>>> print(open('final-v5.csv').read())   # CSV, C-alpha atoms
chain,number,residue,atom,x,y,z
A,29,MET,CA,146.7,0.5,83.3
A,30,ASN,CA,147.6,-3.0,84.4
A,31,TYR,CA,150.1,-4.7,82.2
A,32,ILE,CA,148.9,-8.3,82.2
A,33,ARG,CA,145.2,-7.4,82.2
A,34,GLU,CA,145.7,-5.2,79.1
A,35,ILE,CA,147.7,-8.0,77.4
A,36,ASN,CA,145.0,-10.6,78.1
A,37,ALA,CA,142.3,-8.2,76.9
A,38,PHE,CA,144.3,-7.6,73.7
A,39,TYR,CA,144.4,-11.3,73.0
A,40,ASP,CA,140.7,-11.6,73.5
A,41,TRP,CA,140.2,-8.6,71.2
A,42,LEU,CA,142.3,-10.2,68.5
A,43,GLU,CA,139.9,-13.1,68.4
A,44,THR,CA,137.3,-10.9,66.7
A,45,ASN,CA,139.6,-8.2,65.2
A,46,LYS,CA,142.3,-8.7,62.6
A,47,LEU,CA,145.7,-7.1,63.0
A,48,SER,CA,148.9,-7.7,61.0
A,49,VAL,CA,151.9,-9.2,62.8
A,50,SER,CA,153.7,-5.8,62.5
A,51,ALA,CA,150.8,-4.0,64.2
A,52,ILE,CA,150.8,-6.5,67.0
A,53,SER,CA,154.6,-6.1,67.5
A,54,LEU,CA,154.2,-2.3,67.5
A,55,TRP,CA,151.4,-2.5,70.1
A,56,TYR,CA,153.6,-4.5,72.4
A,57,ALA,CA,156.5,-2.0,72.0
A,58,LEU,CA,154.2,0.9,72.8
A,59,MET,CA,152.8,-0.9,75.8
A,60,HIS,CA,156.3,-1.6,77.0
A,61,ILE,CA,157.3,2.0,76.7
A,62,ASN,CA,154.1,3.3,78.2
A,63,ASN,CA,154.8,1.0,81.2
A,64,LYS,CA,158.2,2.6,81.6
A,65,THR,CA,156.6,6.0,81.7
A,66,GLY,CA,154.4,5.0,84.6
A,67,TRP,CA,151.4,4.7,82.3
A,68,LYS,CA,151.2,8.4,81.3
A,69,ASN,CA,148.2,9.1,79.2
A,70,GLU,CA,150.4,10.8,76.6
A,71,PHE,CA,154.0,10.2,75.8
A,72,THR,CA,156.5,10.8,73.0
A,73,VAL,CA,159.0,8.4,71.6
A,74,ALA,CA,161.4,8.4,68.7
A,75,LEU,CA,160.7,6.4,65.6
A,76,SER,CA,164.1,4.8,65.9
A,77,VAL,CA,163.3,3.5,69.4
A,78,LEU,CA,160.0,2.0,68.2
A,79,SER,CA,161.9,0.3,65.4
A,80,ILE,CA,164.3,-1.3,67.9
A,81,LYS,CA,161.7,-2.2,70.4
A,82,SER,CA,159.4,-3.8,67.8
A,83,GLY,CA,162.0,-5.3,65.5
A,84,LEU,CA,160.4,-3.5,62.6
A,85,SER,CA,161.9,-1.2,60.0
A,86,PRO,CA,161.0,2.5,60.3
A,87,ARG,CA,158.6,2.2,57.3
A,88,ALA,CA,157.0,-0.9,58.8
A,89,VAL,CA,156.5,1.1,62.1
A,90,THR,CA,154.7,3.9,60.3
A,91,ASN,CA,152.4,1.5,58.5
A,92,ALA,CA,151.7,-0.5,61.7
A,93,ARG,CA,151.0,2.8,63.5
A,94,LYS,CA,148.4,3.8,60.9
A,95,GLU,CA,146.8,0.4,61.3
A,96,LEU,CA,146.6,0.6,65.1
A,97,SER,CA,145.2,4.0,64.9
A,98,LYS,CA,142.5,3.0,62.4
A,99,LYS,CA,141.6,0.1,64.7
A,100,GLY,CA,141.2,2.4,67.7
A,101,ARG,CA,144.0,0.8,69.7
A,102,ILE,CA,146.2,4.0,69.8
A,103,LYS,CA,146.1,7.7,69.1
A,104,TRP,CA,149.1,9.5,67.8
A,105,GLU,CA,150.0,13.0,66.6
A,106,SER,CA,153.0,14.2,64.6
A,107,ARG,CA,154.9,17.2,65.9
A,108,ASN,CA,156.8,20.0,64.2
A,109,GLY,CA,160.4,19.7,63.2
A,110,ASN,CA,162.5,16.8,64.5
A,111,GLN,CA,160.3,16.2,67.5
A,112,SER,CA,159.1,12.7,68.1
A,113,ALA,CA,155.4,11.8,67.6
A,114,GLN,CA,153.1,11.8,70.6
A,115,TYR,CA,151.2,8.6,71.5
A,116,THR,CA,148.3,7.4,73.6
A,117,VAL,CA,147.6,3.7,74.1
A,118,ASN,CA,143.8,3.2,74.4
A,119,SER,CA,143.0,0.9,77.4
A,120,LEU,CA,141.1,-2.2,76.4
A,121,VAL,CA,140.4,-3.0,80.1
A,122,GLY,CA,138.9,0.5,80.4
A,123,GLU,CA,136.6,-0.2,77.5
A,124,LEU,CA,135.5,-3.5,79.1
A,125,GLN,CA,134.9,-1.9,82.4
A,126,GLU,CA,132.5,0.5,80.7
A,127,ILE,CA,130.7,-2.4,79.1
A,128,TYR,CA,130.5,-4.1,82.5
A,129,ALA,CA,129.1,-0.9,84.1
A,130,ASP,CA,126.5,-0.6,81.3
A,131,LYS,CA,125.5,-4.2,81.7
A,132,VAL,CA,125.0,-3.9,85.5
A,133,ALA,CA,123.0,-0.7,85.0
A,134,ASP,CA,120.7,-2.5,82.5
A,135,ASN,CA,120.0,-5.3,85.0
A,136,THR,CA,119.4,-3.3,88.2
A,137,THR,CA,115.7,-4.0,88.0
A,138,ASP,CA,116.3,-7.8,88.1
A,139,LYS,CA,118.9,-8.8,90.7
A,140,GLN,CA,118.7,-12.4,89.7
A,141,THR,CA,120.1,-11.7,86.3
A,142,CYS,CA,123.0,-9.7,87.5
A,143,LYS,CA,125.4,-12.5,88.2
A,144,PRO,CA,129.1,-12.9,87.2
A,145,THR,CA,128.1,-15.7,84.8
A,146,ASP,CA,125.9,-13.3,82.9
A,147,ILE,CA,128.8,-11.0,82.2
A,148,SER,CA,131.0,-11.8,79.2
A,149,SER,CA,133.6,-14.5,79.9
A,150,THR,CA,136.3,-12.0,79.0
A,151,LEU,CA,135.2,-9.6,81.7
A,152,TYR,CA,134.9,-12.3,84.3
A,153,LYS,CA,138.3,-13.7,83.5
A,154,LEU,CA,139.9,-10.2,83.8
A,155,ASN,CA,138.3,-9.8,87.3
A,156,VAL,CA,138.8,-6.0,87.4
A,157,ASN,CA,138.8,-6.0,91.2
A,158,GLU,CA,141.6,-8.5,91.6
A,159,ASN,CA,144.9,-7.3,93.0
A,160,ILE,CA,147.3,-8.7,90.4
A,161,ASN,CA,150.3,-8.2,92.8
A,162,ILE,CA,149.0,-11.1,94.9
A,163,TYR,CA,150.1,-14.5,93.6
A,164,THR,CA,147.1,-16.5,92.5
A,165,ILE,CA,146.4,-19.7,90.6
A,166,GLU,CA,144.6,-17.6,88.1
A,167,PHE,CA,147.7,-15.5,87.4
A,168,GLU,CA,149.8,-18.7,87.1
A,169,GLN,CA,147.4,-19.9,84.3
A,170,GLU,CA,147.4,-16.5,82.6
A,171,LEU,CA,151.2,-16.4,82.4
A,172,PHE,CA,151.3,-20.0,81.2
A,173,ASN,CA,148.8,-19.1,78.4
A,174,TYR,CA,150.8,-16.0,77.6
A,175,TRP,CA,154.0,-18.0,77.1
A,176,ASN,CA,152.2,-20.5,74.9
A,177,GLN,CA,150.8,-17.7,72.7
A,178,LYS,CA,154.4,-16.9,71.7
A,179,ASP,CA,154.3,-20.3,69.9
A,180,ILE,CA,158.0,-21.2,70.6
A,181,VAL,CA,157.7,-24.1,73.0
A,182,VAL,CA,154.0,-24.8,73.6
A,183,HIS,CA,153.3,-26.7,76.9
A,184,LYS,CA,150.2,-28.9,77.2
A,185,LYS,CA,149.8,-28.6,81.0
A,186,ILE,CA,151.1,-26.8,84.1
A,187,THR,CA,153.6,-29.0,85.9
A,188,ASN,CA,154.8,-28.8,89.4
A,189,ASN,CA,158.2,-27.6,88.1
A,190,PHE,CA,156.4,-24.6,86.5
A,191,HIS,CA,154.5,-24.0,89.7
A,192,ILE,CA,157.8,-23.8,91.6
A,193,ALA,CA,159.6,-21.8,88.9
A,194,ILE,CA,156.9,-19.1,88.7
A,195,LYS,CA,156.7,-18.6,92.4
A,196,ARG,CA,160.4,-18.3,92.7
A,197,ALA,CA,160.5,-15.8,89.7
A,198,LEU,CA,157.8,-13.7,91.3
A,199,SER,CA,159.8,-13.5,94.5
A,200,LEU,CA,162.8,-12.1,92.6
A,201,TYR,CA,161.3,-9.9,89.8
A,202,PRO,CA,158.4,-7.6,89.3
A,203,LEU,CA,155.6,-9.0,87.1
A,204,GLU,CA,156.1,-6.3,84.4
A,205,ASP,CA,159.8,-7.3,84.1
A,206,ILE,CA,158.9,-11.0,83.6
A,207,ILE,CA,156.4,-10.1,80.9
A,208,THR,CA,158.9,-7.8,79.2
A,209,ALA,CA,161.5,-10.6,79.3
A,210,VAL,CA,159.1,-13.0,77.6
A,211,ASP,CA,158.3,-10.4,74.9
A,212,HIS,CA,162.0,-9.7,74.3
A,213,TYR,CA,162.8,-13.4,74.0
A,214,ALA,CA,160.1,-13.8,71.4
A,215,ILE,CA,161.3,-10.9,69.4
A,216,MET,CA,164.8,-12.1,69.3
A,217,TYR,CA,163.9,-15.7,68.6
A,218,ASN,CA,161.6,-14.8,65.7
A,219,ASP,CA,164.1,-12.3,64.2
A,220,ALA,CA,165.4,-14.2,61.1
A,221,SER,CA,168.2,-11.8,60.7
A,222,TYR,CA,169.6,-12.5,64.2
A,223,ASN,CA,171.5,-15.7,64.7
A,224,TYR,CA,172.3,-15.5,68.4
A,225,CYS,CA,169.0,-16.5,69.9
A,226,GLU,CA,168.1,-19.9,68.5
A,227,TYR,CA,167.7,-21.8,71.7
A,228,ARG,CA,164.1,-22.9,72.4
A,229,TRP,CA,163.6,-22.3,76.1
A,230,THR,CA,160.9,-24.2,78.1
A,231,ILE,CA,158.9,-21.9,80.4
A,232,GLU,CA,160.3,-23.6,83.5
A,233,LYS,CA,163.9,-23.3,82.4
A,234,PHE,CA,163.4,-19.7,81.2
A,235,LEU,CA,162.0,-18.6,84.6
A,236,ASP,CA,164.5,-20.6,86.7
A,237,ASP,CA,167.8,-20.4,84.8
A,238,PRO,CA,170.1,-17.5,85.6
A,239,LYS,CA,170.7,-17.1,81.9
A,240,GLY,CA,166.9,-17.0,81.3
A,241,VAL,CA,164.5,-14.4,82.3
A,242,ALA,CA,167.0,-11.9,83.8
A,243,SER,CA,169.1,-11.9,80.6
A,244,PHE,CA,166.1,-10.8,78.5
A,245,MET,CA,165.0,-7.9,80.7
A,246,ASP,CA,165.7,-4.3,79.7
A,247,ASP,CA,169.1,-4.4,81.3
A,248,GLY,CA,169.8,-8.0,80.6
A,249,GLN,CA,172.9,-9.1,78.8
A,250,LYS,CA,171.1,-10.9,75.9
A,251,TRP,CA,168.6,-8.1,75.2
A,252,LEU,CA,171.3,-5.4,75.4
A,253,GLY,CA,173.5,-7.4,73.0
A,254,TYR,CA,170.5,-7.7,70.6
A,255,SER,CA,169.7,-4.0,70.9
A,256,ASN,CA,173.2,-2.9,70.2
A,257,ARG,CA,173.4,-5.0,67.1
A,258,LYS,CA,170.0,-3.8,65.8
A,259,GLY,CA,171.0,-0.3,66.6
A,260,GLY,CA,174.1,-0.6,64.4
A,261,SER,CA,176.5,0.4,67.1
A,262,LYS,CA,178.6,-1.7,69.5
A,263,ASN,CA,179.1,1.1,71.9
A,264,GLU,CA,175.7,2.6,72.2
A,265,THR,CA,172.6,1.0,73.7
A,266,PRO,CA,169.6,2.1,71.7
A,267,GLU,CA,167.4,2.4,74.8
A,268,PHE,CA,165.2,5.5,75.0
A,269,ASP,CA,166.3,8.2,77.4
A,270,ASP,CA,165.4,11.8,78.2
A,271,SER,CA,166.4,12.9,74.7
A,272,GLU,CA,164.1,10.3,73.1
A,273,LEU,CA,161.2,10.0,75.5
A,274,VAL,CA,159.4,13.1,76.7
A,275,LEU,CA,156.7,12.6,79.4
A,276,SER,CA,153.6,14.7,79.0
>>> encode(input="final-v5.csv", output="structure tokens")
Amino acid sequence: MNYIREINAFYDWLETNKLSVSAISLWYALMHINNKTGWKNEFTVALSVLSIKSGLSPRAVTNARKELSKKGRIKWESRNGNQSAQYTVNSLVGELQEIYADKVADNTTDKQTCKPTDISSTLYKLNVNENINIYTIEFEQELFNYWNQKDIVVHKKITNNFHIAIKRALSLYPLEDIITAVDHYAIMYNDASYNYCEYRWTIEKFLDDPKGVASFMDDGQKWLGYSNRKGGSKNETPEFDDSELVLS
């Protein structure tokens, strides 16, 4: 899987498919954990970890899990005893690639009709052959849109300051870590029970400030502080480890 392509495909899918806010939060949590496993097809993770990662109560996690399964976004199986449930996140990009292949096959008899503009705009935007590790203007726009979709500080246009900030951030951090930091910030900011993340970052400052993006990564001070409080322990970081996450 490719993190940002899956996220963009998910947002496109949401335009025609309804999901609750809880189900969306759980999907992001599962994607984050799946990324940490190296995109294993099947992985197991404790309910308590999903609760921390998604900001949902255990009951809300189980309800959201059923909703995602019913919508075809995940597969999951319970296991005997105290073992954690097993999950598979269904790739939306993979589904789109199959649609693309079918469309090309249907048009092989008429080469003039087999053009990128004839393929759905979603498929064209995802550009399945693009190497996302190479900085492009398209990626800059995608990250800009992704930030705005969090609806905390919505920017009207890409500025030169953002252009500089994103290039600098990409030179320091992996793409997946930046996406994770944005997700974590949105979870913390929107958590009404948490009073220590009320500052409304602009995207430029979030990417450029030492207290911004790095503080919200998995090992960032702000995210660890939040995780500790939500986990109910000041001495234990509720991050999944070998006892909570079993790779299959």
>>> atom_distance(input="final-v5.csv", atom1="atom CA of Val182 of chain A", atom2="atom CA of Glu226 of chain A")
15.8 Å
>>> closest_residue(input="final-v5.csv", among="A:Ile102, A:Ile80, A:Ile215, A:Leu42", to="Met59 of chain A", atoms="only C-alpha atoms")
A:Ile102
>>> atom_distance(input="final-v5.csv", atom1="atom CA of Gly100 of chain A", atom2="atom CA of Ser112 of chain A")
20.7 Å
>>> closest_residue(input="final-v5.csv", among="A:Arg101, A:His183, A:Lys195, A:Lys94", to="Tyr56 of chain A", atoms="all atoms listed in the file")
A:Arg101
>>> closest_residue(input="final-v5.csv", among="A:Lys239, A:Leu120, A:Lys233, A:Val89", to="Ser76 of chain A", atoms="only C-alpha atoms")
A:Val89
>>> atom_distance(input="final-v5.csv", atom1="atom CA of Arg228 of chain A", atom2="atom CA of Asn30 of chain A")
28.5 Å
>>> residues_near_point(input="final-v5.csv", point="(154.3, -6.0, 82.5)", cutoff="12 Å", atoms="all atoms listed in the file", output="PyMOL selection string")
chain A and resi 29-36+56-64+66-67+160-161+171+174+201-212+245-246
>>> build_atoms(input="final-v5.csv", residues="segment 219-253 of chain A", atoms="N, CA and C atoms", output="CSV table (one decimal), in the frame of the given file")
chain,number,residue,atom,x,y,z
A,219,ASP,N,163.4,-13.2,65.1
A,219,ASP,CA,164.1,-12.3,64.2
A,219,ASP,C,165.0,-13.2,63.3
A,220,ALA,N,164.6,-13.4,62.0
A,220,ALA,CA,165.4,-14.2,61.1
A,220,ALA,C,166.7,-13.7,60.8
A,221,SER,N,166.9,-12.4,61.0
A,221,SER,CA,168.2,-11.8,60.7
A,221,SER,C,169.2,-11.9,61.9
A,222,TYR,N,168.8,-12.4,63.0
A,222,TYR,CA,169.6,-12.5,64.2
A,222,TYR,C,169.8,-14.0,64.5
A,223,ASN,N,171.1,-14.3,64.5
A,223,ASN,CA,171.5,-15.7,64.7
A,223,ASN,C,172.0,-16.1,66.1
A,224,TYR,N,171.8,-15.3,67.0
A,224,TYR,CA,172.3,-15.5,68.4
A,224,TYR,C,171.3,-15.8,69.4
A,225,CYS,N,170.1,-16.2,69.0
A,225,CYS,CA,169.0,-16.5,69.9
A,225,CYS,C,168.1,-17.6,69.3
A,226,GLU,N,168.7,-18.8,69.1
A,226,GLU,CA,168.1,-19.9,68.5
A,226,GLU,C,167.7,-21.0,69.5
A,227,TYR,N,168.0,-20.8,70.7
A,227,TYR,CA,167.7,-21.8,71.7
A,227,TYR,C,166.2,-21.7,72.1
A,228,ARG,N,165.6,-22.9,72.1
A,228,ARG,CA,164.1,-22.9,72.4
A,228,ARG,C,164.0,-23.2,73.9
A,229,TRP,N,163.7,-22.2,74.7
A,229,TRP,CA,163.6,-22.3,76.1
A,229,TRP,C,162.2,-23.0,76.5
A,230,THR,N,162.2,-23.8,77.5
A,230,THR,CA,160.9,-24.2,78.1
A,230,THR,C,160.6,-23.1,79.1
A,231,ILE,N,159.3,-23.0,79.4
A,231,ILE,CA,158.9,-21.9,80.4
A,231,ILE,C,159.6,-22.1,81.7
A,232,GLU,N,159.7,-23.4,82.2
A,232,GLU,CA,160.3,-23.6,83.5
A,232,GLU,C,161.7,-23.2,83.5
A,233,LYS,N,162.5,-23.6,82.5
A,233,LYS,CA,163.9,-23.3,82.4
A,233,LYS,C,164.1,-21.8,82.2
A,234,PHE,N,163.2,-21.1,81.4
A,234,PHE,CA,163.4,-19.7,81.2
A,234,PHE,C,163.2,-18.9,82.5
A,235,LEU,N,162.2,-19.3,83.3
A,235,LEU,CA,162.0,-18.6,84.6
A,235,LEU,C,163.0,-19.0,85.7
A,236,ASP,N,163.6,-20.1,85.6
A,236,ASP,CA,164.5,-20.6,86.7
A,236,ASP,C,165.9,-20.5,86.4
A,237,ASP,N,166.3,-20.4,85.2
A,237,ASP,CA,167.8,-20.4,84.8
A,237,ASP,C,168.3,-19.0,85.0
A,238,PRO,N,169.5,-18.8,85.5
A,238,PRO,CA,170.1,-17.5,85.6
A,238,PRO,C,170.3,-16.8,84.3
A,239,LYS,N,170.5,-17.6,83.2
A,239,LYS,CA,170.7,-17.1,81.9
A,239,LYS,C,169.3,-16.9,81.2
A,240,GLY,N,168.2,-17.2,81.9
A,240,GLY,CA,166.9,-17.0,81.3
A,240,GLY,C,166.3,-15.7,81.4
A,241,VAL,N,165.3,-15.6,82.2
A,241,VAL,CA,164.5,-14.4,82.3
A,241,VAL,C,165.3,-13.1,82.6
A,242,ALA,N,166.2,-13.2,83.5
A,242,ALA,CA,167.0,-11.9,83.8
A,242,ALA,C,167.8,-11.4,82.6
A,243,SER,N,168.2,-12.3,81.7
A,243,SER,CA,169.1,-11.9,80.6
A,243,SER,C,168.3,-11.2,79.5
A,244,PHE,N,167.0,-11.4,79.5
A,244,PHE,CA,166.1,-10.8,78.5
A,244,PHE,C,165.4,-9.6,79.0
A,245,MET,N,165.6,-9.1,80.2
A,245,MET,CA,165.0,-7.9,80.7
A,245,MET,C,165.7,-6.7,80.1
A,246,ASP,N,165.1,-5.5,80.4
A,246,ASP,CA,165.7,-4.3,79.7
A,246,ASP,C,167.2,-4.1,79.9
A,247,ASP,N,167.7,-4.5,81.1
A,247,ASP,CA,169.1,-4.4,81.3
A,247,ASP,C,169.8,-5.7,81.3
A,248,GLY,N,169.2,-6.7,80.7
A,248,GLY,CA,169.8,-8.0,80.6
A,248,GLY,C,170.8,-8.1,79.5
A,249,GLN,N,171.8,-9.0,79.7
A,249,GLN,CA,172.9,-9.1,78.8
A,249,GLN,C,172.4,-9.4,77.3
A,250,LYS,N,171.6,-10.4,77.2
A,250,LYS,CA,171.1,-10.9,75.9
A,250,LYS,C,170.3,-9.8,75.2
A,251,TRP,N,169.4,-9.1,75.9
A,251,TRP,CA,168.6,-8.1,75.2
A,251,TRP,C,169.5,-6.9,74.9
A,252,LEU,N,170.4,-6.5,75.7
A,252,LEU,CA,171.3,-5.4,75.4
A,252,LEU,C,172.2,-5.7,74.2
A,253,GLY,N,172.7,-6.9,74.1
A,253,GLY,CA,173.5,-7.4,73.0
A,253,GLY,C,172.7,-7.3,71.7
